[in-house]
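K.L.:
One structure follows; several queries about it will come next.
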Amino acid sequence: MSSTTPDPAPAAADVAPQAWSGVHRGPLRAGEWVRLLDTKGRKHNICLEAGKSFHTNRGGMSHDDLIGREEGFTVTSTSGGQYLVFRPLLSEFVVSMPRGAAVVYPKDAAQIVAMADIFPGADVVEAGVGSGALTCSLLRAVGPFGRVTSYERREEFADVARKNVHQFFGAPDGETHPAWSLELGDLAEELPRSGKRADRVILDMLAPWECLEATADALRPGGIVCAYVATTTQLSRFMETVRLHGGFTEPQAWESLVRDWHVEGLAVRPGHKMIGHTAFLVTARRMAPGEKAPRKTRRPAPGAYGPDYTGPRPADVPEVEAPETPES
Ligand SMILES: C[S@@+](CC[C@H](N)C(=O)[O-])C[C@H]1O[C@@H](n2cnc3c(N)ncnc32)[C@H](O)[C@@H]1O
């Protein structure tokens with residue numbers, strides 16, 4: 001088990017105003033990432049280094065021509081290519097940063113922050129950290145007086161996440177976000193051992209149901225568990241495990257689809273490309289100790305828990321035997 005930041009969270013006096021948003025102001029500095037956008041909409045992300053050059057199919061440009069300037073300008077390469085220069089936004093950074101595991105896309109990170117009600121000062125636990133994309137959104141939402149404890153069982157992914165989070169939030173003197181702890185290990189084992197309490201637990205992993213018991217024990221009454229799952233089988237198993245646990249409200253499931261629009265004179269139509277399915281989200285609220293949420297009074301849909309259903313089963317739904325098939 002390893003920890004990258006001191007515990008507990010810092011005192012107000014230790015934190016510079018406007019610090020730890022990941023937004024940098026003022027002239028571009030060596031060591032910062034910038035995003036170059038060409039006239040065909042192609043994006044190039046480069047880390048500024050004094051004395052270095054960036055080569056494109058329209059010639060090169062010197063990093064020294066960018067360092068020291070205020071972002072939001074156009075630079076021309078040696079063969080006349082034009083490039084817009086900005087620091088990447090959080091939503092741009094997470095889709096272009098180096099990846100270990102698949103990342104939570106910005107559209108879903110936004111849903112998680114809103115629907116899991118991540119608030120400034122919150123105590124948030126997440127697993128796994130993967131590449132650290134969701135971690136960046138959580139840290140920004142909780143701010144320097146909150147706490148994000150990220151569990152990751154694979155060291156190589158933890159290393160990628162550590163670098164990415166530091167790249168986004170890191171201070172010039174090497175400090176990283178004061179609200180962040182990265183713990184190496186399985187949430188199901190490490191969270192109970194830590195004795196931590198949490199306002200929100202976010203699970204992005206293959207088998208979130210394996211972490212539900214530990215999540216339930218750590219969550220404060222009224223807290224929220226939120227799972228991000230890619231497939232319908234994971235979605236079903238997680239929802240049924242939450243129901244079976246009994247210490248949560250009825251889980252809610254949804255997905256979000258985001259479509260760009262092309263708007264040009266009379267040509268106003270949906271864009272041709274869209275990010276369709278990424279994953280499903282599920283949320284449920286933790287009941288107070290010993291309290292059970294009333295079960296839905298509506299009967300399950302016909303066949304919902306029929307003979308082909310093999311997952312976790314609500315206590316009041318009996319198993320159904322498959323009808324015998326007539327001999328031919
Ligand atoms: C899809 S990735 C997470 C991506 C991450 N949320 C992001 O936005 O970059 C899933 C990660 O969960 C980790 N993992 C799976 N089960 C875990 C568990 N029980 N405890 C801790 N980490 C776990 C895996 O090693 C993997 O790195």
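Numbering starts fresh at 1 for the residues of each chain in the structure tokens, the chains themselves are lettered A, B, ... in the order given, and ligands are numbered from 1 as they appear.
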Write out as CSV the residues of chain A that have any atom within 8 Å of an atom of ligand 1, one row each with the nearest atom pair and its distance in Å to one decimal, counting only C-alpha atoms and all ligand atoms, sorted by chain and then rising number.
P.N.:
residue,atom,partner,partner_atom_place_in_ligand_line,distance
A:Arg99,CA,ligand 1,9 (O),7.6
A:Gly100,CA,ligand 1,27 (O),7.3
A:Ala101,CA,ligand 1,2 (S),4.9
A:Ala102,CA,ligand 1,1 (C),4.8
A:Val103,CA,ligand 1,9 (O),3.8
A:Val104,CA,ligand 1,8 (O),4.0
A:Tyr105,CA,ligand 1,8 (O),7.2
A:Glu126,CA,ligand 1,6 (N),7.9
A:Ala127,CA,ligand 1,21 (C),4.8
A:Gly128,CA,ligand 1,12 (O),3.3
A:Val129,CA,ligand 1,5 (C),4.7
A:Gly130,CA,ligand 1,27 (O),3.6
A:Ser131,CA,ligand 1,9 (O),3.6
A:Gly132,CA,ligand 1,9 (O),4.1
A:Ala133,CA,ligand 1,8 (O),3.8
A:Leu134,CA,ligand 1,8 (O),4.0
A:Thr135,CA,ligand 1,8 (O),6.6
A:Tyr151,CA,ligand 1,21 (C),4.8
A:Glu152,CA,ligand 1,22 (N),3.7
A:Arg153,CA,ligand 1,22 (N),4.4
A:Arg154,CA,ligand 1,25 (O),4.9
A:Phe157,CA,ligand 1,27 (O),5.6
A:Ala158,CA,ligand 1,27 (O),7.6
A:Ala161,CA,ligand 1,9 (O),7.2
A:Leu184,CA,ligand 1,21 (C),7.6
A:Gly185,CA,ligand 1,21 (C),5.8
A:Asp186,CA,ligand 1,20 (N),3.5
A:Leu187,CA,ligand 1,20 (N),4.1
A:Ala188,CA,ligand 1,19 (N),5.7
A:Leu203,CA,ligand 1,6 (N),7.8
A:Asp204,CA,ligand 1,6 (N),5.3
A:Met205,CA,ligand 1,10 (C),4.3
A:Leu206,CA,ligand 1,15 (C),6.0
A:Ala207,CA,ligand 1,16 (N),6.5
A:Pro208,CA,ligand 1,19 (N),7.1
A:Glu210,CA,ligand 1,19 (N),7.0
A:Cys211,CA,ligand 1,19 (N),6.2
K.L.:
May I have the residues within 8 Å of Val258 of chain A as a list in words, using only C-alpha atoms and disregarding those fewer than 4 positions away in the same chain?
P.N.:
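So the residues in contact are Lys107, Met274, Ile275 and Gly276 of chain A.
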K.L.:
For the residues selected in the previous step, produce a file with C-alpha atoms as a compact mmCIF listing (two decimals), in the first residue's frame.
P.N.:
# COMPACT_ATOMS: atom_id res chain seq x y z
CA LYS A 107 -19.46 13.31 -21.04
CA MET A 274 -21.25 10.87 -32.37
CA ILE A 275 -19.86 9.13 -29.31
CA GLY A 276 -22.61 6.57 -28.86
K.L.:
Taking the DSSP assignment computed from this structure's backbone, write out as an mmCIF file with N, CA and C atoms, in the first residue's frame all residues of segment 33-207 of chain A that belong to helix (DSSP H, G or I).
P.N.:
data_model
loop_
_atom_site.group_PDB
_atom_site.id
_atom_site.type_symbol
_atom_site.label_atom_id
_atom_site.label_comp_id
_atom_site.auth_asym_id
_atom_site.auth_seq_id
_atom_site.Cartn_x
_atom_site.Cartn_y
_atom_site.Cartn_z
ATOM 1 N N HIS A 63 9.638 25.517 -30.218
ATOM 2 C CA HIS A 63 8.898 25.702 -28.959
ATOM 3 C C HIS A 63 9.192 27.080 -28.362
ATOM 4 N N ASP A 64 10.412 27.581 -28.633
ATOM 5 C CA ASP A 64 10.782 28.891 -28.067
ATOM 6 C C ASP A 64 9.871 30.013 -28.587
ATOM 7 N N ASP A 65 9.251 29.769 -29.789
ATOM 8 C CA ASP A 65 8.329 30.781 -30.321
ATOM 9 C C ASP A 65 6.997 30.775 -29.573
ATOM 10 N N LEU A 90 -9.601 20.569 -19.329
ATOM 11 C CA LEU A 90 -9.623 19.256 -18.672
ATOM 12 C C LEU A 90 -10.211 18.194 -19.609
ATOM 13 N N SER A 91 -11.319 18.544 -20.293
ATOM 14 C CA SER A 91 -11.982 17.571 -21.181
ATOM 15 C C SER A 91 -11.093 17.209 -22.369
ATOM 16 N N GLU A 92 -10.189 18.087 -22.748
ATOM 17 C CA GLU A 92 -9.267 17.794 -23.856
ATOM 18 C C GLU A 92 -8.048 17.025 -23.346
ATOM 19 N N PHE A 93 -7.604 17.388 -22.160
ATOM 20 C CA PHE A 93 -6.421 16.737 -21.585
ATOM 21 C C PHE A 93 -6.666 15.230 -21.389
ATOM 22 N N VAL A 94 -7.832 14.876 -20.816
ATOM 23 C CA VAL A 94 -8.044 13.464 -20.443
ATOM 24 C C VAL A 94 -8.180 12.545 -21.654
ATOM 25 N N VAL A 95 -8.578 13.081 -22.811
ATOM 26 C CA VAL A 95 -8.690 12.190 -23.973
ATOM 27 C C VAL A 95 -7.394 12.158 -24.783
ATOM 28 N N SER A 96 -6.413 12.990 -24.417
ATOM 29 C CA SER A 96 -5.153 12.972 -25.169
ATOM 30 C C SER A 96 -3.969 12.554 -24.301
ATOM 31 N N PRO A 106 -15.237 12.500 -20.970
ATOM 32 C CA PRO A 106 -15.732 13.715 -20.311
ATOM 33 C C PRO A 106 -17.247 13.761 -20.167
ATOM 34 N N LYS A 107 -17.989 13.244 -21.171
ATOM 35 C CA LYS A 107 -19.460 13.312 -21.040
ATOM 36 C C LYS A 107 -19.927 12.509 -19.821
ATOM 37 N N ASP A 108 -19.242 11.408 -19.540
ATOM 38 C CA ASP A 108 -19.631 10.574 -18.399
ATOM 39 C C ASP A 108 -19.081 11.131 -17.087
ATOM 40 N N ALA A 109 -17.879 11.702 -17.152
ATOM 41 C CA ALA A 109 -17.321 12.325 -15.942
ATOM 42 C C ALA A 109 -18.248 13.456 -15.486
ATOM 43 N N ALA A 110 -18.796 14.198 -16.463
ATOM 44 C CA ALA A 110 -19.707 15.304 -16.115
ATOM 45 C C ALA A 110 -20.967 14.761 -15.452
ATOM 46 N N GLN A 111 -21.485 13.633 -15.973
ATOM 47 C CA GLN A 111 -22.671 13.003 -15.373
ATOM 48 C C GLN A 111 -22.369 12.518 -13.957
ATOM 49 N N ILE A 112 -21.173 11.951 -13.793
ATOM 50 C CA ILE A 112 -20.811 11.427 -12.463
ATOM 51 C C ILE A 112 -20.734 12.576 -11.461
ATOM 52 N N VAL A 113 -20.074 13.669 -11.868
ATOM 53 C CA VAL A 113 -19.941 14.806 -10.945
ATOM 54 C C VAL A 113 -21.328 15.355 -10.586
ATOM 55 N N ALA A 114 -22.218 15.437 -11.601
ATOM 56 C CA ALA A 114 -23.546 16.018 -11.328
ATOM 57 C C ALA A 114 -24.444 15.035 -10.582
ATOM 58 N N MET A 115 -24.552 13.789 -11.071
ATOM 59 C CA MET A 115 -25.563 12.875 -10.541
ATOM 60 C C MET A 115 -25.104 12.161 -9.267
ATOM 61 N N ALA A 133 -8.215 9.667 -15.378
ATOM 62 C CA ALA A 133 -9.081 10.665 -16.033
ATOM 63 C C ALA A 133 -10.199 11.113 -15.081
ATOM 64 N N LEU A 134 -10.941 10.145 -14.537
ATOM 65 C CA LEU A 134 -12.020 10.529 -13.627
ATOM 66 C C LEU A 134 -11.463 11.214 -12.393
ATOM 67 N N THR A 135 -10.302 10.758 -11.938
ATOM 68 C CA THR A 135 -9.680 11.366 -10.751
ATOM 69 C C THR A 135 -9.569 12.880 -10.933
ATOM 70 N N CYS A 136 -9.165 13.312 -12.145
ATOM 71 C CA CYS A 136 -8.999 14.760 -12.382
ATOM 72 C C CYS A 136 -10.326 15.491 -12.187
ATOM 73 N N SER A 137 -11.422 14.923 -12.695
ATOM 74 C CA SER A 137 -12.731 15.589 -12.531
ATOM 75 C C SER A 137 -13.162 15.585 -11.072
ATOM 76 N N LEU A 138 -12.879 14.473 -10.379
ATOM 77 C CA LEU A 138 -13.276 14.402 -8.963
ATOM 78 C C LEU A 138 -12.492 15.415 -8.138
ATOM 79 N N LEU A 139 -11.186 15.512 -8.414
ATOM 80 C CA LEU A 139 -10.355 16.455 -7.646
ATOM 81 C C LEU A 139 -10.809 17.887 -7.891
ATOM 82 N N ARG A 140 -11.137 18.163 -9.144
ATOM 83 C CA ARG A 140 -11.575 19.525 -9.432
ATOM 84 C C ARG A 140 -12.879 19.830 -8.710
ATOM 85 N N ALA A 141 -13.762 18.813 -8.616
ATOM 86 C CA ALA A 141 -15.062 19.050 -7.979
ATOM 87 C C ALA A 141 -14.949 19.158 -6.458
ATOM 88 N N VAL A 142 -14.075 18.357 -5.834
ATOM 89 C CA VAL A 142 -13.988 18.424 -4.360
ATOM 90 C C VAL A 142 -13.142 19.618 -3.914
ATOM 91 N N GLU A 155 -0.022 -1.723 -10.310
ATOM 92 C CA GLU A 155 0.977 -0.672 -10.085
ATOM 93 C C GLU A 155 1.272 0.118 -11.345
ATOM 94 N N GLU A 156 1.305 -0.579 -12.508
ATOM 95 C CA GLU A 156 1.662 0.131 -13.749
ATOM 96 C C GLU A 156 0.593 1.164 -14.106
ATOM 97 N N PHE A 157 -0.681 0.873 -13.782
ATOM 98 C CA PHE A 157 -1.735 1.860 -14.038
ATOM 99 C C PHE A 157 -1.640 3.006 -13.024
ATOM 100 N N ALA A 158 -1.343 2.655 -11.786
ATOM 101 C CA ALA A 158 -1.196 3.698 -10.758
ATOM 102 C C ALA A 158 -0.097 4.680 -11.175
ATOM 103 N N ASP A 159 0.975 4.168 -11.763
ATOM 104 C CA ASP A 159 2.075 5.048 -12.194
ATOM 105 C C ASP A 159 1.623 6.008 -13.299
ATOM 106 N N VAL A 160 0.840 5.462 -14.249
ATOM 107 C CA VAL A 160 0.338 6.305 -15.346
ATOM 108 C C VAL A 160 -0.574 7.393 -14.760
ATOM 109 N N ALA A 161 -1.468 6.971 -13.863
ATOM 110 C CA ALA A 161 -2.412 7.929 -13.270
ATOM 111 C C ALA A 161 -1.672 9.019 -12.495
ATOM 112 N N ARG A 162 -0.665 8.598 -11.738
ATOM 113 C CA ARG A 162 0.086 9.564 -10.926
ATOM 114 C C ARG A 162 0.697 10.644 -11.819
ATOM 115 N N LYS A 163 1.276 10.196 -12.945
ATOM 116 C CA LYS A 163 1.907 11.162 -13.868
ATOM 117 C C LYS A 163 0.859 12.079 -14.493
ATOM 118 N N ASN A 164 -0.282 11.492 -14.888
ATOM 119 C CA ASN A 164 -1.311 12.306 -15.546
ATOM 120 C C ASN A 164 -1.904 13.337 -14.591
ATOM 121 N N VAL A 165 -2.226 12.901 -13.388
ATOM 122 C CA VAL A 165 -2.833 13.833 -12.423
ATOM 123 C C VAL A 165 -1.829 14.934 -12.083
ATOM 124 N N HIS A 166 -0.576 14.524 -11.935
ATOM 125 C CA HIS A 166 0.440 15.526 -11.619
ATOM 126 C C HIS A 166 0.612 16.497 -12.792
ATOM 127 N N GLN A 167 0.571 15.953 -14.015
ATOM 128 C CA GLN A 167 0.723 16.821 -15.186
ATOM 129 C C GLN A 167 -0.399 17.866 -15.210
ATOM 130 N N PHE A 168 -1.620 17.427 -14.858
ATOM 131 C CA PHE A 168 -2.741 18.370 -14.938
ATOM 132 C C PHE A 168 -2.761 19.364 -13.785
ATOM 133 N N PHE A 169 -2.499 18.869 -12.558
ATOM 134 C CA PHE A 169 -2.649 19.751 -11.388
ATOM 135 C C PHE A 169 -1.327 20.245 -10.825
ATOM 136 N N LEU A 187 -9.763 -2.256 -3.607
ATOM 137 C CA LEU A 187 -10.661 -1.477 -2.732
ATOM 138 C C LEU A 187 -11.383 -2.384 -1.735
ATOM 139 N N ALA A 188 -11.795 -3.574 -2.207
ATOM 140 C CA ALA A 188 -12.575 -4.472 -1.339
ATOM 141 C C ALA A 188 -11.781 -4.868 -0.091
ATOM 142 N N GLU A 189 -10.442 -4.874 -0.192
ATOM 143 C CA GLU A 189 -9.632 -5.240 0.982
ATOM 144 C C GLU A 189 -9.114 -4.005 1.719
ATOM 145 N N GLU A 190 -8.651 -3.020 0.945
ATOM 146 C CA GLU A 190 -7.956 -1.879 1.557
ATOM 147 C C GLU A 190 -8.892 -0.866 2.209
ATOM 148 N N LEU A 191 -10.080 -0.667 1.619
ATOM 149 C CA LEU A 191 -10.986 0.338 2.194
ATOM 150 C C LEU A 191 -11.437 -0.074 3.608
ATOM 151 N N PRO A 192 -11.880 -1.332 3.815
ATOM 152 C CA PRO A 192 -12.253 -1.720 5.196
ATOM 153 C C PRO A 192 -11.075 -1.606 6.160
ATOM 154 N N ARG A 193 -9.865 -1.976 5.681
ATOM 155 C CA ARG A 193 -8.682 -1.932 6.548
ATOM 156 C C ARG A 193 -8.363 -0.496 6.970
ATOM 157 N N SER A 194 -8.676 0.486 6.104
ATOM 158 C CA SER A 194 -8.305 1.883 6.385
ATOM 159 C C SER A 194 -9.244 2.526 7.411
#
K.L.:
What's the separation between atom CA of Gly72 of chain A and atom CA of Thr39 of chain A, in Å to one decimal place?
P.N.:
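Here the two named atoms are 14.8 Å from each other.
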K.L.:
Quick one: everything within 7 Å of segment 293-297 of chain A, counting only C-alpha atoms, minus sequence neighbours fewer than 5 positions away in the same chain. Send it as a CSV table (one decimal) with N, CA and C atoms, in the first residue's frame.
P.N.:
chain,number,residue,atom,x,y,z
A,246,GLY,N,-29.8,-4.5,0.4
A,246,GLY,CA,-30.9,-3.9,1.2
A,246,GLY,C,-30.6,-2.6,1.9
A,247,GLY,N,-29.3,-2.2,2.0
A,247,GLY,CA,-29.0,-1.0,2.7
A,247,GLY,C,-28.9,0.2,1.8
A,248,PHE,N,-29.4,0.1,0.6
A,248,PHE,CA,-29.4,1.2,-0.3
A,248,PHE,C,-30.8,1.4,-0.8
A,249,THR,N,-31.0,2.7,-1.4
A,249,THR,CA,-32.3,2.9,-2.1
A,249,THR,C,-32.3,2.2,-3.4
K.L.:
Taking only residues of segment 167-256 of chain A that have an atom at most 9 Å from an atom of segment 313-318 of chain A, what is each one's shortest atom pair and its distance in Å to one decimal, using only C-alpha atoms, in chain and number order, as CSV?
P.N.:
residue,atom,partner,partner_atom,distance
A:Glu240,CA,A:Arg313,CA,6.8
A:Thr241,CA,A:Arg313,CA,8.2
A:Arg243,CA,A:Pro314,CA,6.7
A:Leu244,CA,A:Pro314,CA,5.4
K.L.:
Would you output that residue set with C-alpha atoms, as a tab-separated table (two decimals), in the first residue's frame?
P.N.:
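Result saved to result.tsv:
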chain	number	residue	atom	x	y	z
A	240	GLU	CA	-29.30	-6.79	-8.38
A	241	THR	CA	-26.45	-6.91	-5.87
A	243	ARG	CA	-31.05	-4.52	-4.27
A	244	LEU	CA	-30.06	-7.70	-2.47
K.L.:
Smallest atom-to-atom distance to Asp117 of chain A: which of A:Ala284, A:Pro27, A:Thr78, A:Ala267, using only C-alpha atoms?
P.N.:
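Ranking A:Ala284, A:Pro27, A:Thr78, A:Ala267 by distance to Asp117 of chain A, first place goes to A:Ala284.
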K.L.:
Which polymer residues have any atom within 12 Å of an atom of Thr76 of chain A, counting only C-alpha atoms, with same-chain residues fewer than 6 positions away left out, as a list in words?
P.N.:
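Selected residues are Leu36, Leu37, Asp38, Thr39, Phe54, His55, Thr56, Arg58, Gly59, Gly60, Met61, Ser62, Asp65, Leu66, Gln82, Tyr83, Leu84 and Val85 of chain A.
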K.L.:
Hey, can you spit out that residue selection with N, CA and C atoms as a PDB file, in the first residue's frame?
P.N.:
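Final output, saved to selection21.pdb:
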ATOM      1  N   LEU A  36      -2.223  22.197 -30.201  1.00  0.00           N
ATOM      2  CA  LEU A  36      -2.196  22.928 -31.471  1.00  0.00           C
ATOM      3  C   LEU A  36      -3.329  22.390 -32.342  1.00  0.00           C
ATOM      4  N   LEU A  37      -4.110  23.283 -32.914  1.00  0.00           N
ATOM      5  CA  LEU A  37      -5.242  22.874 -33.755  1.00  0.00           C
ATOM      6  C   LEU A  37      -5.007  23.415 -35.150  1.00  0.00           C
ATOM      7  N   ASP A  38      -4.940  22.517 -36.173  1.00  0.00           N
ATOM      8  CA  ASP A  38      -4.683  23.017 -37.532  1.00  0.00           C
ATOM      9  C   ASP A  38      -5.992  23.364 -38.227  1.00  0.00           C
ATOM     10  N   THR A  39      -5.908  23.863 -39.463  1.00  0.00           N
ATOM     11  CA  THR A  39      -7.114  24.375 -40.136  1.00  0.00           C
ATOM     12  C   THR A  39      -8.037  23.233 -40.568  1.00  0.00           C
ATOM     13  N   PHE A  54       8.919  21.380 -33.072  1.00  0.00           N
ATOM     14  CA  PHE A  54       7.786  20.503 -33.344  1.00  0.00           C
ATOM     15  C   PHE A  54       7.643  20.401 -34.855  1.00  0.00           C
ATOM     16  N   HIS A  55       7.594  19.150 -35.381  1.00  0.00           N
ATOM     17  CA  HIS A  55       7.537  18.971 -36.832  1.00  0.00           C
ATOM     18  C   HIS A  55       6.157  18.510 -37.248  1.00  0.00           C
ATOM     19  N   THR A  56       5.641  19.122 -38.311  1.00  0.00           N
ATOM     20  CA  THR A  56       4.325  18.745 -38.840  1.00  0.00           C
ATOM     21  C   THR A  56       4.508  18.476 -40.337  1.00  0.00           C
ATOM     22  N   ARG A  58       3.427  20.314 -42.455  1.00  0.00           N
ATOM     23  CA  ARG A  58       3.559  21.672 -43.040  1.00  0.00           C
ATOM     24  C   ARG A  58       4.785  22.366 -42.430  1.00  0.00           C
ATOM     25  N   GLY A  59       5.872  21.613 -42.238  1.00  0.00           N
ATOM     26  CA  GLY A  59       7.109  22.210 -41.712  1.00  0.00           C
ATOM     27  C   GLY A  59       7.155  22.217 -40.207  1.00  0.00           C
ATOM     28  N   GLY A  60       8.144  22.890 -39.649  1.00  0.00           N
ATOM     29  CA  GLY A  60       8.336  22.845 -38.201  1.00  0.00           C
ATOM     30  C   GLY A  60       8.099  24.195 -37.535  1.00  0.00           C
ATOM     31  N   MET A  61       8.175  24.152 -36.212  1.00  0.00           N
ATOM     32  CA  MET A  61       8.128  25.409 -35.439  1.00  0.00           C
ATOM     33  C   MET A  61       8.930  25.189 -34.160  1.00  0.00           C
ATOM     34  N   SER A  62       9.492  26.260 -33.660  1.00  0.00           N
ATOM     35  CA  SER A  62      10.315  26.153 -32.462  1.00  0.00           C
ATOM     36  C   SER A  62       9.443  26.362 -31.219  1.00  0.00           C
ATOM     37  N   ASP A  65       9.251  29.769 -29.789  1.00  0.00           N
ATOM     38  CA  ASP A  65       8.329  30.781 -30.321  1.00  0.00           C
ATOM     39  C   ASP A  65       6.997  30.775 -29.573  1.00  0.00           C
ATOM     40  N   LEU A  66       6.746  29.704 -28.805  1.00  0.00           N
ATOM     41  CA  LEU A  66       5.484  29.609 -28.049  1.00  0.00           C
ATOM     42  C   LEU A  66       5.693  29.983 -26.581  1.00  0.00           C
ATOM     43  N   GLN A  82      -1.000  26.881 -40.435  1.00  0.00           N
ATOM     44  CA  GLN A  82      -1.438  27.729 -39.316  1.00  0.00           C
ATOM     45  C   GLN A  82      -2.004  26.869 -38.186  1.00  0.00           C
ATOM     46  N   TYR A  83      -1.624  27.195 -36.962  1.00  0.00           N
ATOM     47  CA  TYR A  83      -2.014  26.391 -35.794  1.00  0.00           C
ATOM     48  C   TYR A  83      -2.470  27.309 -34.674  1.00  0.00           C
ATOM     49  N   LEU A  84      -3.656  26.994 -34.150  1.00  0.00           N
ATOM     50  CA  LEU A  84      -4.158  27.720 -32.968  1.00  0.00           C
ATOM     51  C   LEU A  84      -3.491  27.125 -31.733  1.00  0.00           C
ATOM     52  N   VAL A  85      -3.075  27.961 -30.802  1.00  0.00           N
ATOM     53  CA  VAL A  85      -2.372  27.457 -29.614  1.00  0.00           C
ATOM     54  C   VAL A  85      -3.143  27.824 -28.338  1.00  0.00           C
TER      55      VAL A  85
END
K.L.:
Name the residues of segment 79-141 of chain A that fall into strand (DSSP E or B) according to DSSP on the backbone, using the chain letters and numbers of this document, as a list in words.
P.N.:
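In segment 79-141 of chain A, DSSP puts these residues in strand (DSSP E or B): Gln82, Tyr83, Leu84, Val85, Phe86, Asp123, Val124, Val125, Glu126 and Ala127 of chain A.
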K.L.:
Go ahead and save the residues from that selection, with N, CA and C atoms, as a PDB file, in the first residue's frame.
P.N.:
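File produced: again_20.pdb:
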ATOM      1  N   GLN A  82      -1.000  26.881 -40.435  1.00  0.00           N
ATOM      2  CA  GLN A  82      -1.438  27.729 -39.316  1.00  0.00           C
ATOM      3  C   GLN A  82      -2.004  26.869 -38.186  1.00  0.00           C
ATOM      4  N   TYR A  83      -1.624  27.195 -36.962  1.00  0.00           N
ATOM      5  CA  TYR A  83      -2.014  26.391 -35.794  1.00  0.00           C
ATOM      6  C   TYR A  83      -2.470  27.309 -34.674  1.00  0.00           C
ATOM      7  N   LEU A  84      -3.656  26.994 -34.150  1.00  0.00           N
ATOM      8  CA  LEU A  84      -4.158  27.720 -32.968  1.00  0.00           C
ATOM      9  C   LEU A  84      -3.491  27.125 -31.733  1.00  0.00           C
ATOM     10  N   VAL A  85      -3.075  27.961 -30.802  1.00  0.00           N
ATOM     11  CA  VAL A  85      -2.372  27.457 -29.614  1.00  0.00           C
ATOM     12  C   VAL A  85      -3.143  27.824 -28.338  1.00  0.00           C
ATOM     13  N   PHE A  86      -3.545  26.786 -27.607  1.00  0.00           N
ATOM     14  CA  PHE A  86      -4.193  26.970 -26.289  1.00  0.00           C
ATOM     15  C   PHE A  86      -3.655  25.931 -25.324  1.00  0.00           C
ATOM     16  N   ASP A 123     -15.699  13.905   0.758  1.00  0.00           N
ATOM     17  CA  ASP A 123     -14.791  12.760   0.929  1.00  0.00           C
ATOM     18  C   ASP A 123     -15.185  11.737  -0.120  1.00  0.00           C
ATOM     19  N   VAL A 124     -14.373  11.593  -1.151  1.00  0.00           N
ATOM     20  CA  VAL A 124     -14.735  10.681  -2.240  1.00  0.00           C
ATOM     21  C   VAL A 124     -13.734   9.542  -2.301  1.00  0.00           C
ATOM     22  N   VAL A 125     -14.256   8.337  -2.479  1.00  0.00           N
ATOM     23  CA  VAL A 125     -13.397   7.166  -2.706  1.00  0.00           C
ATOM     24  C   VAL A 125     -13.679   6.692  -4.120  1.00  0.00           C
ATOM     25  N   GLU A 126     -12.638   6.351  -4.887  1.00  0.00           N
ATOM     26  CA  GLU A 126     -12.859   5.788  -6.223  1.00  0.00           C
ATOM     27  C   GLU A 126     -11.943   4.600  -6.449  1.00  0.00           C
ATOM     28  N   ALA A 127     -12.398   3.694  -7.325  1.00  0.00           N
ATOM     29  CA  ALA A 127     -11.540   2.581  -7.789  1.00  0.00           C
ATOM     30  C   ALA A 127     -12.105   2.143  -9.125  1.00  0.00           C
TER      31      ALA A 127
END
K.L.:
May I ask for the distance between atom CA of Arg35 of chain A and atom CA of Glu70 of chain A, given in Å to one decimal place?
P.N.:
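It comes out at 13.3 Å.
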K.L.:
Just give me the gap between atom CA of Glu71 of chain A and atom CA of Ser21 of chain A in Å, one decimal is fine.
P.N.:
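Between atom CA of Glu71 of chain A and atom CA of Ser21 of chain A the gap is 17.4 Å.
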